[in-house]
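**Student:** mmCIF, C-alpha atoms, file upload.cif:
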```cif
data_model
loop_
_atom_site.label_atom_id
_atom_site.label_comp_id
_atom_site.auth_asym_id
_atom_site.auth_seq_id
_atom_site.Cartn_x
_atom_site.Cartn_y
_atom_site.Cartn_z
CA MET V 1 -27.72 -3.34 7.61
CA LYS V 2 -28.28 -0.69 10.27
CA THR V 3 -28.00 3.08 9.88
CA ILE V 4 -26.07 4.73 12.71
CA ALA V 5 -24.78 8.19 13.63
CA PHE V 6 -21.89 9.35 11.45
CA THR V 7 -18.60 7.90 12.64
CA TRP V 8 -15.40 6.56 11.13
CA PRO V 9 -14.82 2.83 10.65
CA LYS V 10 -12.03 1.18 12.64
CA GLY V 11 -8.60 2.49 11.73
CA PHE V 12 -9.75 5.75 10.08
CA LYS V 13 -9.05 9.23 11.42
CA SER V 14 -9.58 12.71 10.00
CA ASP V 15 -9.24 16.42 10.58
CA ALA V 16 -10.31 19.68 8.92
CA LEU V 17 -9.20 23.31 9.11
CA HIS V 18 -9.78 26.76 7.72
CA ILE V 19 -6.52 27.69 5.99
CA GLY V 20 -7.69 30.74 4.07
CA LEU V 21 -8.77 29.26 0.74
CA ARG V 22 -12.25 30.52 1.61
CA GLN V 23 -13.15 33.59 3.58
CA LYS V 24 -14.41 31.90 6.73
CA LYS V 25 -15.56 28.31 6.25
CA LEU V 26 -13.53 25.14 6.64
CA ASP V 27 -11.66 24.45 3.39
CA PHE V 28 -8.95 21.84 3.95
CA GLY V 29 -8.50 18.46 5.58
CA TRP V 30 -7.71 14.78 5.27
CA VAL V 31 -8.92 11.26 5.99
CA VAL V 32 -6.24 8.77 7.02
CA SER V 33 -6.20 5.00 7.52
CA ASN V 34 -3.78 3.47 9.99
CA VAL V 35 -2.80 0.92 7.32
CA PRO V 36 -2.81 0.98 3.51
CA ALA V 37 -6.34 0.34 2.27
CA ALA V 38 -7.67 -1.30 -0.87
CA ALA V 39 -8.74 1.55 -3.16
CA ALA V 40 -11.19 1.90 -6.04
CA GLY V 41 -12.25 4.95 -7.99
CA VAL V 42 -14.40 6.37 -10.76
CA TYR V 43 -13.60 9.71 -12.36
CA THR V 44 -14.81 12.55 -14.54
CA LEU V 45 -14.94 12.04 -18.30
CA ASN V 46 -14.33 15.74 -18.91
CA GLN V 47 -11.31 16.06 -21.24
CA PHE V 48 -9.94 18.85 -19.02
CA CYS V 49 -9.37 16.47 -16.13
CA ALA V 50 -7.94 18.41 -13.17
CA ALA V 51 -4.48 17.61 -11.84
CA PRO V 52 -5.61 16.12 -8.48
CA THR V 53 -8.16 13.88 -10.17
CA ALA V 54 -5.70 12.71 -12.82
CA LYS V 55 -3.02 11.97 -10.21
CA THR V 56 -5.33 10.06 -7.88
CA LYS V 57 -6.66 8.02 -10.80
CA GLN V 58 -3.07 7.18 -11.78
CA LEU V 59 -2.19 6.10 -8.23
CA ILE V 60 -5.19 3.82 -7.81
CA LYS V 61 -4.72 2.24 -11.24
CA LYS V 62 -1.07 1.52 -10.42
CA ASN V 63 -1.24 0.32 -6.82
CA HIS V 64 -4.92 -0.29 -6.02
CA GLN V 65 -4.35 1.14 -2.56
CA LEU V 66 -4.22 4.42 -0.68
CA GLN V 67 -3.69 5.32 2.95
CA ALA V 68 -4.65 8.99 2.98
CA LEU V 69 -6.80 11.45 1.05
CA VAL V 70 -6.02 15.17 1.27
CA MET V 71 -8.95 17.38 0.28
CA ASN V 72 -9.63 21.05 -0.33
CA SER V 73 -12.53 23.19 -1.46
CA ALA V 74 -12.57 26.67 -3.09
CA ILE V 75 -9.86 25.94 -5.68
CA ALA V 76 -10.17 23.13 -8.22
CA ASN V 77 -6.56 23.16 -9.45
CA ALA V 78 -7.93 22.52 -12.95
CA CYS V 79 -6.53 23.98 -16.18
CA THR V 80 -3.35 24.87 -14.28
CA GLY V 81 -0.83 23.05 -16.48
CA GLU V 82 2.44 21.68 -15.20
CA GLN V 83 2.33 23.95 -12.15
CA GLY V 84 -0.94 22.34 -11.08
CA MET V 85 0.57 18.84 -11.22
CA GLN V 86 3.65 19.99 -9.34
CA ASP V 87 1.40 21.40 -6.63
CA VAL V 88 -0.38 18.06 -6.35
CA GLN V 89 2.92 16.22 -6.01
CA GLN V 90 4.17 18.68 -3.41
CA THR V 91 0.96 18.22 -1.42
CA GLN V 92 1.46 14.45 -1.57
CA LYS V 93 5.05 14.81 -0.38
CA LEU V 94 4.17 17.12 2.50
CA ALA V 95 1.32 14.90 3.69
CA ALA V 96 3.42 11.73 3.36
CA GLU V 97 6.22 13.26 5.43
CA ARG V 98 3.74 14.30 8.12
CA LEU V 99 2.23 10.81 8.22
CA GLY V 100 5.44 8.84 7.71
CA ILE V 101 4.13 7.00 4.64
CA ASP V 102 4.98 6.70 0.94
CA PRO V 103 3.74 9.66 -1.19
CA GLU V 104 2.14 7.16 -3.57
CA LEU V 105 -0.28 6.25 -0.78
CA VAL V 106 -1.64 9.83 -0.69
CA GLY V 107 -4.56 10.73 -2.95
CA ILE V 108 -5.65 14.31 -3.58
CA ALA V 109 -9.17 15.68 -4.10
CA SER V 110 -9.93 19.30 -4.94
CA THR V 111 -13.08 21.22 -5.85
CA GLY V 112 -13.87 24.84 -6.52
CA LEU V 113 -12.94 27.55 -9.02
CA ILE V 114 -11.36 26.36 -12.28
CA GLY V 115 -8.16 28.05 -13.45
CA ALA V 116 -6.87 29.24 -10.07
CA TYR V 117 -3.57 28.04 -8.60
CA LEU V 118 -3.32 26.63 -5.10
CA PRO V 119 -1.54 28.93 -2.60
CA MET V 120 1.04 26.36 -1.59
CA ASP V 121 2.19 28.31 1.44
CA LYS V 122 -1.29 27.89 2.90
CA ILE V 123 -1.39 24.22 1.91
CA LYS V 124 1.98 23.64 3.58
CA ASN V 125 0.89 25.39 6.78
CA GLY V 126 -2.39 23.49 6.74
CA ILE V 127 -0.75 20.08 6.50
CA ALA V 128 1.55 21.01 9.38
CA GLN V 129 -1.53 21.63 11.55
CA LEU V 130 -3.63 18.61 10.59
CA GLU V 131 -3.98 15.88 13.19
CA GLN V 132 -5.37 12.35 13.16
CA THR V 133 -8.55 12.74 15.20
CA GLN V 134 -12.20 11.63 15.29
CA ASN V 135 -13.13 15.09 14.02
CA THR V 136 -15.61 14.53 11.16
CA ALA V 137 -15.63 18.16 9.95
CA ILE V 138 -14.02 17.13 6.66
CA THR V 139 -17.60 16.47 5.48
CA SER V 140 -18.13 20.23 5.70
CA ALA V 141 -14.70 21.32 4.47
CA ILE V 142 -15.26 19.89 0.98
CA LEU V 143 -18.49 21.82 0.36
CA THR V 144 -18.74 24.68 -2.15
CA THR V 145 -22.22 25.96 -3.03
CA ASP V 146 -23.79 23.05 -1.15
CA THR V 147 -26.32 24.01 1.49
CA ILE V 148 -26.12 20.78 3.50
CA GLU V 149 -23.62 18.05 4.34
CA LYS V 150 -24.27 14.73 2.62
CA THR V 151 -23.36 11.80 4.85
CA ILE V 152 -24.39 8.25 5.68
CA CYS V 153 -23.05 5.57 8.01
CA VAL V 154 -24.21 1.98 8.29
CA THR V 155 -23.05 -1.18 10.01
CA SER V 156 -23.54 -4.78 8.92
CA GLU V 157 -22.44 -8.24 9.98
CA ILE V 158 -20.01 -9.61 7.39
CA ASP V 159 -18.60 -13.07 8.04
CA GLY V 160 -19.54 -12.68 11.70
CA LYS V 161 -17.72 -9.37 12.10
CA THR V 162 -19.36 -5.96 12.56
CA CYS V 163 -18.25 -3.79 9.66
CA THR V 164 -18.83 -0.06 9.38
CA PHE V 165 -19.35 1.75 6.06
CA THR V 166 -19.13 5.55 6.12
CA GLY V 167 -19.90 7.73 3.10
CA PHE V 168 -19.86 11.45 2.44
CA ALA V 169 -20.07 13.62 -0.65
CA LYS V 170 -20.29 17.13 -2.03
CA GLY V 171 -22.09 18.39 -5.08
CA SER V 172 -24.61 21.06 -5.93
CA GLY V 173 -24.03 22.54 -9.40
CA MET V 174 -22.37 21.38 -12.63
CA ILE V 175 -23.97 18.01 -11.96
CA HIS V 176 -24.37 15.75 -14.97
CA PRO V 177 -22.20 12.67 -14.52
CA ASN V 178 -20.23 10.83 -16.01
CA MET V 179 -19.11 12.19 -13.28
CA ALA V 180 -20.25 15.64 -12.14
CA THR V 181 -18.85 18.47 -10.04
CA MET V 182 -18.97 16.18 -7.13
CA LEU V 183 -16.69 14.32 -4.80
CA GLY V 184 -17.78 11.15 -3.07
CA PHE V 185 -15.97 8.97 -0.55
CA VAL V 186 -16.85 5.69 1.15
CA MET V 187 -14.59 4.32 3.89
CA THR V 188 -14.98 0.90 5.45
CA ASP V 189 -13.11 -1.39 7.83
CA CYS V 190 -14.46 -4.38 5.91
CA ALA V 191 -11.75 -6.43 4.19
CA ILE V 192 -12.52 -6.28 0.45
CA ALA V 193 -10.23 -7.30 -2.40
CA PRO V 194 -9.32 -4.36 -4.68
CA ALA V 195 -10.80 -6.08 -7.76
CA ALA V 196 -14.09 -6.71 -5.96
CA LEU V 197 -14.20 -3.14 -4.64
CA GLN V 198 -13.58 -1.69 -8.10
CA GLN V 199 -16.20 -3.93 -9.70
CA ILE V 200 -18.80 -2.90 -7.14
CA LEU V 201 -18.04 0.80 -7.50
CA SER V 202 -17.92 0.82 -11.30
CA GLU V 203 -21.18 -1.09 -11.66
CA LEU V 204 -23.10 0.83 -9.02
CA THR V 205 -21.90 4.25 -10.15
CA ASP V 206 -23.80 3.70 -13.39
CA GLN V 207 -26.97 3.07 -11.37
CA THR V 208 -26.54 5.91 -8.88
CA PHE V 209 -24.16 8.85 -9.37
CA ASN V 210 -24.34 8.61 -13.16
CA GLN V 211 -28.13 8.83 -12.94
CA ILE V 212 -28.29 12.29 -11.36
CA THR V 213 -28.38 15.61 -13.14
CA VAL V 214 -28.81 19.20 -12.02
CA ASP V 215 -27.83 21.33 -15.00
CA GLY V 216 -26.28 19.17 -17.72
CA ASP V 217 -22.69 20.33 -17.19
CA ILE V 218 -19.80 17.88 -16.66
CA SER V 219 -17.03 19.25 -14.44
CA THR V 220 -13.27 18.69 -14.31
CA ASN V 221 -12.51 17.35 -10.84
CA ASP V 222 -15.02 14.75 -10.04
CA MET V 223 -14.51 11.35 -8.59
CA VAL V 224 -15.78 8.79 -6.13
CA ILE V 225 -13.18 6.95 -4.07
CA CYS V 226 -13.74 3.86 -1.91
CA LEU V 227 -11.22 2.70 0.68
CA ALA V 228 -11.39 -0.62 2.57
CA ASN V 229 -8.71 -1.13 5.23
CA GLY V 230 -9.77 -4.57 6.53
CA GLN V 231 -9.56 -3.61 10.20
CA ALA V 232 -12.83 -5.40 11.01
CA LYS V 233 -10.85 -8.62 10.40
CA ASN V 234 -13.52 -10.39 8.37
CA THR V 235 -12.61 -12.93 5.70
CA LEU V 236 -11.57 -11.07 2.57
CA VAL V 237 -14.54 -10.33 0.31
CA GLU V 238 -13.84 -11.29 -3.28
CA THR V 239 -16.07 -11.38 -6.36
CA THR V 240 -16.64 -15.09 -5.80
CA SER V 241 -17.35 -14.81 -2.05
CA ALA V 242 -20.73 -15.68 -0.55
CA THR V 243 -20.69 -12.25 1.10
CA TYR V 244 -20.07 -10.34 -2.15
CA GLN V 245 -23.75 -9.64 -2.89
CA THR V 246 -24.35 -8.51 0.70
CA VAL V 247 -21.49 -6.01 0.47
CA LYS V 248 -22.65 -4.88 -2.95
CA ALA V 249 -26.14 -4.19 -1.58
CA ILE V 250 -24.64 -2.05 1.20
CA TYR V 251 -22.68 0.02 -1.31
CA HIS V 252 -25.78 0.38 -3.49
CA HIS V 253 -27.70 1.82 -0.56
CA ILE V 254 -24.88 4.21 0.36
CA LEU V 255 -24.20 5.44 -3.18
CA GLU V 256 -27.88 5.91 -4.00
CA THR V 257 -28.46 7.81 -0.75
CA LEU V 258 -25.56 10.16 -1.49
CA ALA V 259 -26.59 10.59 -5.13
CA LYS V 260 -30.13 11.56 -4.17
CA ALA V 261 -28.81 13.98 -1.54
CA ILE V 262 -26.70 15.71 -4.21
CA ALA V 263 -29.64 15.95 -6.60
CA LYS V 264 -31.90 17.35 -3.88
CA ASP V 265 -29.28 19.97 -2.97
CA GLY V 266 -28.87 21.22 -6.55
CA GLU V 267 -28.06 24.90 -6.73
CA GLY V 268 -31.22 26.86 -6.00
CA ALA V 269 -33.29 23.67 -5.89
CA THR V 270 -36.54 23.40 -3.97
CA LYS V 271 -37.56 19.88 -5.02
CA LEU V 272 -36.05 16.44 -5.60
CA ILE V 273 -37.33 14.80 -8.79
CA GLU V 274 -37.17 11.03 -9.18
CA VAL V 275 -37.95 9.46 -12.54
CA HIS V 276 -38.66 5.72 -12.62
CA VAL V 277 -38.77 4.15 -16.07
CA THR V 278 -40.10 0.60 -16.38
CA LYS V 279 -40.76 -1.94 -19.15
CA ALA V 280 -37.85 -0.71 -21.27
CA LYS V 281 -36.12 -2.91 -23.84
CA SER V 282 -32.81 -2.72 -21.93
CA VAL V 283 -31.39 -1.27 -18.73
CA LEU V 284 -29.36 1.21 -20.80
CA ASP V 285 -32.53 2.39 -22.55
CA ALA V 286 -34.25 2.80 -19.19
CA GLN V 287 -31.30 4.76 -17.81
CA LYS V 288 -31.18 7.04 -20.85
CA ALA V 289 -34.91 7.66 -20.75
CA ALA V 290 -35.00 8.45 -17.05
CA LYS V 291 -32.05 10.80 -17.27
CA ALA V 292 -33.41 12.57 -20.35
CA ILE V 293 -36.64 13.36 -18.53
CA VAL V 294 -35.06 14.49 -15.27
CA GLY V 295 -32.48 16.53 -17.20
CA SER V 296 -34.99 18.43 -19.35
CA SER V 297 -34.97 22.15 -18.58
CA LEU V 298 -38.64 22.29 -19.58
CA VAL V 299 -39.58 19.45 -17.23
CA LYS V 300 -37.51 20.97 -14.44
CA SER V 301 -39.16 24.36 -14.95
CA ALA V 302 -42.64 22.82 -14.98
CA ILE V 303 -41.93 21.06 -11.68
CA PHE V 304 -40.71 24.35 -10.18
CA GLY V 305 -43.99 25.96 -11.23
CA ALA V 306 -46.11 22.99 -10.04
CA ASP V 307 -47.40 22.59 -13.58
CA PRO V 308 -48.45 18.99 -14.51
CA ASN V 309 -47.45 19.54 -18.14
CA TRP V 310 -46.98 15.93 -19.19
CA GLY V 311 -46.25 16.97 -22.79
CA ARG V 312 -42.79 18.04 -21.70
CA ILE V 313 -42.14 14.56 -20.30
CA ILE V 314 -43.26 12.88 -23.52
CA SER V 315 -41.27 15.35 -25.64
CA SER V 316 -37.99 14.77 -23.77
CA LEU V 317 -38.55 11.02 -23.97
CA GLY V 318 -39.20 11.12 -27.71
CA ALA V 319 -36.01 13.09 -28.34
CA THR V 320 -33.90 10.13 -27.21
CA ALA V 321 -32.68 7.29 -29.44
CA ILE V 322 -34.10 4.54 -27.24
CA THR V 323 -36.46 1.82 -28.43
CA LEU V 324 -40.07 2.81 -27.78
CA ASP V 325 -43.56 2.39 -29.18
CA PRO V 326 -45.09 5.86 -29.71
CA ASN V 327 -48.52 4.36 -28.97
CA ALA V 328 -47.67 2.48 -25.77
CA VAL V 329 -46.27 4.94 -23.19
CA THR V 330 -47.89 5.46 -19.79
CA VAL V 331 -47.00 8.39 -17.53
CA ALA V 332 -47.91 9.08 -13.89
CA ILE V 333 -47.02 12.11 -11.78
CA ASN V 334 -46.92 11.55 -8.02
CA HIS V 335 -48.87 8.30 -8.53
CA HIS V 336 -51.60 10.04 -10.59
CA LYS V 337 -51.83 8.64 -14.11
CA VAL V 338 -51.92 11.39 -16.77
CA VAL V 339 -51.07 9.49 -19.96
CA GLU V 340 -52.07 6.03 -21.16
CA HIS V 341 -51.21 4.51 -24.55
CA SER V 342 -49.40 7.79 -25.27
CA GLN V 343 -52.64 9.78 -25.03
CA ALA V 344 -54.03 12.09 -22.41
CA ILE V 345 -56.56 10.74 -19.96
CA ALA V 346 -58.85 12.69 -17.68
CA PHE V 347 -57.12 13.83 -14.49
CA ASP V 348 -57.57 16.43 -11.77
CA GLU V 349 -55.06 19.09 -12.78
CA ALA V 350 -55.53 21.13 -9.60
CA LEU V 351 -54.96 18.07 -7.42
CA ILE V 352 -51.76 17.06 -9.18
CA SER V 353 -50.55 20.66 -9.18
CA GLN V 354 -51.01 20.68 -5.41
CA THR V 355 -48.89 17.51 -5.05
CA LEU V 356 -46.16 19.17 -7.15
CA LYS V 357 -45.68 21.71 -4.37
CA CYS V 358 -44.14 18.96 -2.22
CA GLU V 359 -40.35 18.57 -1.87
CA ASP V 360 -40.22 15.07 -3.38
CA ILE V 361 -41.62 14.50 -6.86
CA LEU V 362 -42.06 11.13 -8.58
CA ILE V 363 -42.51 10.70 -12.33
CA GLU V 364 -43.25 7.14 -13.45
CA VAL V 365 -42.98 6.14 -17.10
CA SER V 366 -43.81 2.73 -18.56
CA LEU V 367 -42.51 2.10 -22.09
CA ASP V 368 -44.19 -1.31 -22.45
CA VAL V 369 -41.53 -2.68 -24.82
CA GLY V 370 -39.54 -4.89 -22.45
CA SER V 371 -38.85 -5.77 -18.81
CA SER V 372 -35.93 -3.51 -17.80
CA GLU V 373 -36.07 -0.53 -15.47
CA ALA V 374 -33.94 2.29 -14.06
CA LYS V 375 -34.18 5.44 -12.00
CA ALA V 376 -32.69 8.92 -12.27
CA TRP V 377 -32.72 11.90 -9.94
CA GLY V 378 -32.57 15.65 -10.39
CA CYS V 379 -34.09 18.87 -9.16
CA ASP V 380 -36.24 21.74 -10.31
CA LEU V 381 -34.81 24.73 -12.21
CA THR V 382 -35.28 27.93 -10.24
CA TYR V 383 -34.52 31.64 -10.37
CA GLU V 384 -31.99 31.06 -7.59
CA TYR V 385 -29.94 28.71 -9.80
CA VAL V 386 -29.41 31.54 -12.29
CA ARG V 387 -28.51 33.99 -9.53
CA ILE V 388 -25.90 31.67 -8.01
CA ASN V 389 -24.20 30.90 -11.31
CA ALA V 390 -24.35 34.44 -12.64
CA THR V 391 -22.13 35.59 -9.76
CA TYR V 392 -20.02 32.49 -8.99
CA THR V 393 -16.53 34.05 -9.37
CA THR V 394 -17.53 37.26 -7.64
#
```
Would you write out, as structure tokens, the structure that this file holds?
**Tutor:**
Amino acid sequence: MKTIAFTWPKGFKSDALHIGLRQKKLDFGWVVSNVPAAAAGVYTLNQFCAAPTAKTKQLIKKNHQLQALVMNSAIANACTGEQGMQDVQQTQKLAAERLGIDPELVGIASTGLIGAYLPMDKIKNGIAQLEQTQNTAITSAILTTDTIEKTICVTSEIDGKTCTFTGFAKGSGMIHPNMATMLGFVMTDCAIAPAALQQILSELTDQTFNQITVDGDISTNDMVICLANGQAKNTLVETTSATYQTVKAIYHHILETLAKAIAKDGEGATKLIEVHVTKAKSVLDAQKAAKAIVGSSLVKSAIFGADPNWGRIISSLGATAITLDPNAVTVAINHHKVVEHSQAIAFDEALISQTLKCEDILIEVSLDVGSSEAKAWGCDLTYEYVRINATYTT
């Protein structure tokens, strides 16, 4: 696997425009495959699932393929009732007519303000202007309060063919998957069976995107979509193929990279926090423990203040329902052990505090009750987070 400059895999094109959903920035675009692609998806568990998310989920479940994804920022098209679904269907129809394909091959992804209706005159005009180009600006057009684009592109030899895997995502606030206020997309020219693609995505989402948290809120629009159009002409990858584990490892790398980028770009964040829990009774226990620690407002605040207050780590861990021995926990902060057998040990507080001023923070916790492990990622809680969210609609 080799990381390369961001580019589209064979057979994929895109475009992005400013159509007036936002004041100045790009806010609309699409990604298109020259042939129908195998499709897999994971989606928000919020009960107020937005119309574009619900429709795209329905399409993939029915056909397991898409050929185009139309995306917009600024307006979520969530809590918009029947009108919202009609707007999704009209967008599908307009894009399908422009591309000369079946509307059921067009997925829709939206992010932004909940409760607002899409200005369909602007959507219609936007679709009329979109082209199929190598323009990669769609990675910017989907951003909301994000401060950076989140992208990755790798190549790998699969069955003797060079396959390209390109991923991009958005997400900054309301991050607490299953899923979060985030959109993620991975396009590849590798030939992958829909069942294999869905299995990979579902399994790895639990280890990556579902292990990040910024503020504990689950949004309405979120999803990760993977498309594989087979244009690299490799032998089809199925769950029983010798190449399945290789492809799975590539997706793991891509999804984890994007997940960490989202966590690091949390609204107002200054630091990325990684929590690594080991020696848990089960993987699920390890995942719950890691996410509880990284999601604790007290832990997040302590990290912001460069305060090595390990009591907050222990407290958030103890509030979970996981299996643990209250006398066996070990904790280290940035590789400096601060707790052993669930009791404080002597450590240089000033030294650890100095390390907590770095951008990347590592908290390691050993439960000593098993052999399973997991990681979770989040960010510090800052004054800027409150400022951003206190004025979001204005």
**Student:** Evaluating the PyMOL selection byres ((chain V and resi 278) around 6) on the displayed file yields which residues, as a short mmCIF file (atom, residue, chain, number, x, y, z; two decimals) with C-alpha atoms, keeping the file's coordinate frame?
**Tutor:**
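What ended up in selection_35.cif:
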```cif
data_model
loop_
_atom_site.label_atom_id
_atom_site.label_comp_id
_atom_site.auth_asym_id
_atom_site.auth_seq_id
_atom_site.Cartn_x
_atom_site.Cartn_y
_atom_site.Cartn_z
CA VAL V 277 -38.77 4.15 -16.07
CA LYS V 279 -40.76 -1.94 -19.15
CA ALA V 280 -37.85 -0.71 -21.27
CA SER V 366 -43.81 2.73 -18.56
CA GLU V 373 -36.07 -0.53 -15.47
#
```
**Student:** Using all atoms listed in the file, which of V:Phe185, V:Phe165, V:Phe209, V:Phe28 sits nearest Gly378 in chain V?
**Tutor:**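 Smallest separation from Gly378 in chain V among the options: V:Phe209.
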**Student:** Using only C-alpha atoms, list the residues that have an atom at most 9 Å from (-28.9, 1.2, -15.8), coordinates as in the file, as a PyMOL selection string.
**Tutor:** chain V and resi 204+206-208+211+282-288+372-375
**Student:** Could you pull out every residue with an atom within 10 Å of (-18.0, 1.9, -2.5), file coordinates, counting all atoms listed in the file, and send them as a ChimeraX atom specification?
**Tutor:** /V:39-41,165-167,184-188,197-202,204-205,224-228,247-248,250-255
**Student:** So that I can check the surroundings of Ser297 in chain V, please list as an MDAnalysis selection string every protein, DNA and RNA residue that reaches within 12 Å of it, counting only C-alpha atoms and ignoring chain neighbours fewer than 4 positions away.
**Tutor:** chainID V and resid 213:216 291:293 301:304 312:313 315:316 378:382
**Student:** Please indicate the distance in Å from CA of Tyr43 in chain V to CA of Ala249 in chain V, rounded to one decimal place.
**Tutor:**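 Calculated distance between CA of Tyr43 in chain V and CA of Ala249 in chain V is 21.6 Å.
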**Student:** Residues at most 9 Å from Ile60 in chain V, counting only C-alpha atoms, excluding those fewer than 4 positions away in the same chain, as a ChimeraX atom specification?
**Tutor:** /V:38-41,55-56,64-66,105,107
**Student:** For the structure shown, which residues end up in the PyMOL selection byres ((chain V and resi 336) around 10)? Put them as a list in words, please?
**Tutor:**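 For this structure, the PyMOL selection byres ((chain V and resi 336) around 10) resolves to Val331, Ala332, Ile333, Asn334, His335, Lys337, Val338, Val339, Phe347, Asp348, Glu349, Leu351, Ile352, Thr355, Leu362, Ile363 and Glu364 of chain V.
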**Student:** Given the file shown, determine the residues that the PyMOL selection byres ((chain V and resi 144-156) around 6) selects; report them as a PyMOL selection string.
**Tutor:** chain V and resi 1-4+6+143+157+162-169+172
**Student:** For CA of Val275 in chain V and CA of Gln343 in chain V, determine how far apart the two atoms are, in Å to one decimal place.
**Tutor:**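 Those two atoms sit 19.3 Å apart.
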**Student:** At what distance in Å, to one decimal, does CA of Lys170 in chain V lie from CA of Tyr385 in chain V?
**Tutor:**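 Atom-to-atom, CA of Tyr385 in chain V to CA of Lys170 in chain V, that is 17.0 Å.
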**Student:** Supply range 131-144 of chain V as a CSV table (one decimal), keeping the file's coordinate frame, with N, CA and C atoms built in where the input has gaps.
**Tutor:**
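Okay, rebuild.csv is ready:
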```
chain,number,residue,atom,x,y,z
V,131,GLU,N,-4.2,17.0,12.3
V,131,GLU,CA,-4.0,15.9,13.2
V,131,GLU,C,-4.8,14.7,12.8
V,132,GLN,N,-4.6,13.5,13.4
V,132,GLN,CA,-5.4,12.4,13.2
V,132,GLN,C,-6.3,12.2,14.3
V,133,THR,N,-7.6,12.7,14.1
V,133,THR,CA,-8.6,12.7,15.2
V,133,THR,C,-9.9,12.1,14.8
V,134,GLN,N,-10.8,12.1,15.6
V,134,GLN,CA,-12.2,11.6,15.3
V,134,GLN,C,-13.1,12.8,14.8
V,135,ASN,N,-12.4,13.9,14.6
V,135,ASN,CA,-13.1,15.1,14.0
V,135,ASN,C,-13.7,14.7,12.6
V,136,THR,N,-15.0,14.9,12.4
V,136,THR,CA,-15.6,14.5,11.2
V,136,THR,C,-15.9,15.8,10.3
V,137,ALA,N,-15.3,16.9,10.6
V,137,ALA,CA,-15.6,18.2,10.0
V,137,ALA,C,-15.2,18.2,8.5
V,138,ILE,N,-14.4,17.2,8.1
V,138,ILE,CA,-14.0,17.1,6.7
V,138,ILE,C,-15.3,17.1,5.8
V,139,THR,N,-16.4,16.5,6.3
V,139,THR,CA,-17.6,16.5,5.5
V,139,THR,C,-18.1,17.9,5.2
V,140,SER,N,-17.8,18.8,6.0
V,140,SER,CA,-18.1,20.2,5.7
V,140,SER,C,-17.1,21.0,4.9
V,141,ALA,N,-15.8,20.6,5.1
V,141,ALA,CA,-14.7,21.3,4.5
V,141,ALA,C,-14.7,21.2,3.0
V,142,ILE,N,-15.3,20.1,2.4
V,142,ILE,CA,-15.3,19.9,1.0
V,142,ILE,C,-16.4,20.6,0.3
V,143,LEU,N,-17.3,21.2,1.0
V,143,LEU,CA,-18.5,21.8,0.4
V,143,LEU,C,-18.1,23.1,-0.4
V,144,THR,N,-18.9,23.4,-1.4
V,144,THR,CA,-18.7,24.7,-2.2
V,144,THR,C,-20.1,25.4,-2.1
```
